[in-house]
Amino acid sequence: MKGYRLKGDYDLAVLIPKNYSLLDLGLIQVDVAKALGVDESLVDIMYLNEAPPILVVEALERIPIIAEDQAEILELKLRTLAEIIDLNESWKHASYERGSVSKAQE
């Protein structure tokens with residue numbers, strides 16, 4: 001069917017060099033929208049550099065992943081999983097100190 005879309009927008013996750021400006025980030029959205037032939041408001045971009053760890057993991061589990069350097073993707077996955085483990089340990093420690101977690105739950 002012409003004009004039929006299963007979902008109303010396009011979601012992309014990108015990992016970019018740290019020296020990008022806000023203007024550069026906006027231009028990515030504009031370029032993607034032009035390439036897809038849609039309005040920019042239909043393009044949602046998550047910048048993996050600044051996203052919460054759980055969203056990074058979710059984005060990296062999806063396919064396709066296009067990368068010039070697959071080692072960079074693996075490094076991002078490992079770094080993100082380490083952040084999640086650290087956050088989980090911090091949460092457990094804080095909960096234990098407040099008495100909301102019993103030793104049996106550890």
# chains A, B, ... in the order shown; residues from 1 in each chain; ligands from 1

$ residues_around --residues "range 43-56 of chain A" --least-positions-apart "6" --cutoff "6 Å" --atoms "only C-alpha atoms" --output "list in words"
Asp9, Tyr10, Asp11, Leu12, Ala13, Val14, Leu15 and Thr80 of chain A

$ atom_distance --atom1 "CA of Glu40 in chain A" --atom2 "CA of Ile28 in chain A"
10.1 Å

$ atom_distance --atom1 "CA of His93 in chain A" --atom2 "CA of Glu58 in chain A"
25.3 Å

$ closest_residue --among "A:Leu27, A:Leu60, A:Ala33, A:Leu87" --to "Ile73 in chain A" --atoms "only C-alpha atoms"
A:Leu60
